[in-house]
Amino acid sequence: MNIEKFIMARKAANLSQKELSEGICTQATLSKFENNGQVPSLKILIKLCNRINLPLVELFSSMNVINTQLDEQLEKAEFSLITSEYEQLTQILAAIDPKVIDDPDLIARYYYLKGFEMIFTNASITDVLFHFDQLLMAETANTLFRLLAYTGIGMVYAREKELEKAEVYFNRVFEKIYTYPIRTTEDTWRVLNIVFHCGVFFAQDGDLETSDALLNYAIDICSDNHLTYYLARAAAQLAKNAQAENKSKAEVLELIQDALAFAKINKNKKLIDELNLMKKKVLLVN
């Protein structure tokens, strides 16, 4: 709410707080609004605005427009993350100044996305951890954002080959992600992000049984919610796990083919190239 605009309108009307509040509310109520941001009831606020000829919507519109624009930008950024368009993700986030974000949910989304963007652009571990720390320190950050922060911290430690530290954070996530309630499309994207990267980590750590369970859970989520974005990546990781588990050539090839089909639907050229190379290597094995 733009309280400064309200004060300017009152002064332009040559009304003191006492004069404006007369017959509408106490002067103390008006003072608390102007000086401390304590908003009175909507009925009182409408009467106050009408007396100084200030449309009520003007107290909200400026900030709402900014937040709506930020919400749209962050939605595009999040979509770029789940589709592995990291260059596009970087470009979108570079155009956003976090200092102008005052909505707790929007700032949490920004720090979560910025942290992941920095992982995939090989930023220093200290810079990555700084952004996830901002998310963890925010009292308003909900449980899912905290799980995303733990996932990101685990990923960057894994990237640095510090697997014991990484495991601490992935275990925190693993304990809660199976029971997290998925209510919105955004919840689905974020849970899939967490589950997929947990599956990749446990494969990297040699726990293929846990990795397979997580990746199959990701595929189930995709199927239940009619999403394809993580299907290809989950199937590709399952194919890698199958190779590590010395499963038959037929099983590995079937998983690769599944992953290729999903990757083609998503137009994920990088993954298609990687899968075709995997397929070629498997076929060369006697």
# chains A, B, ... in the order shown; residues from 1 in each chain; ligands from 1
>>> closest_atom_pairs(of="stretch 157-212 of chain A", to="stretch 74-82 of chain A", cutoff="9 Å", atoms="only C-alpha atoms", output="Markdown table")
| residue | atom | partner | partner_atom | distance |
| --- | --- | --- | --- | --- |
| A:Glu186 | CA | A:Glu78 | CA | 8.9 |
| A:Trp189 | CA | A:Ile82 | CA | 7.2 |
| A:Arg190 | CA | A:Ile82 | CA | 8.7 |
| A:Leu192 | CA | A:Ile82 | CA | 8.8 |
| A:Asn193 | CA | A:Ile82 | CA | 7.2 |
>>> residues_around(residues="A:Ile107", least_positions_apart="3", cutoff="12 Å", atoms="only C-alpha atoms", output="PyMOL selection string")
chain A and resi 67+70-71+74+93+96-104+110-114+131-132+134-142+145
>>> closest_residue(among="A:Ala95, A:Ile46, A:Leu59, A:Leu54", to="A:Ala12", atoms="only C-alpha atoms")
A:Leu54
>>> closest_residue(among="A:Ser211, A:Ser41, A:Gln237, A:Gln17", to="A:Phe170", atoms="only C-alpha atoms")
A:Ser211
>>> closest_residue(among="A:Ile265, A:Asn225, A:Gln243, A:Val252", to="A:Thr184", atoms="only C-alpha atoms")
A:Asn225
>>> closest_residue(among="A:Lys5, A:Arg109, A:Gly206, A:Met155", to="A:Asp187", atoms="only C-alpha atoms")
A:Arg109
>>> closest_residue(among="A:Tyr229, A:Asn36, A:Asn50, A:Met1", to="A:Ala13", atoms="only C-alpha atoms")
A:Asn50
>>> closest_residue(among="A:Tyr178, A:Glu164, A:Leu147, A:Val191", to="A:Asp205", atoms="only C-alpha atoms")
A:Glu164
>>> select_by_dssp(residues="stretch 19-231 of chain A", states="helix (DSSP H, G or I)", output="ChimeraX atom specification")
/A:19-21,27-36,42-51,56-59,61-82,86-94,98-100,104-120,125-137,143-159,163-177,185-204,208-225,231
>>> residues_around(residues="A:Ile3", least_positions_apart="3", cutoff="7 Å", atoms="only C-alpha atoms", output="list in words")
Phe6, Ile7, Glu34 and Leu59 of chain A
>>> write_last_selection(atoms="N, CA and C atoms", output="CSV table (one decimal), in the first residue's frame")
chain,number,residue,atom,x,y,z
A,6,PHE,N,-1.1,8.6,0.0
A,6,PHE,CA,-2.3,9.0,0.8
A,6,PHE,C,-1.9,10.3,1.6
A,7,ILE,N,-0.8,10.4,2.2
A,7,ILE,CA,-0.4,11.6,2.9
A,7,ILE,C,-0.3,12.8,2.0
A,34,GLU,N,-0.8,6.5,9.0
A,34,GLU,CA,0.2,7.2,8.3
A,34,GLU,C,1.6,7.0,8.8
A,59,LEU,N,-4.0,3.6,-4.1
A,59,LEU,CA,-3.1,3.2,-3.0
A,59,LEU,C,-2.5,1.8,-3.3
>>> residues_around(residues="A:Leu215", least_positions_apart="4", cutoff="12 Å", atoms="only C-alpha atoms", output="number ranges by chain")
A: 191-203, 208-211, 219-222, 230-241
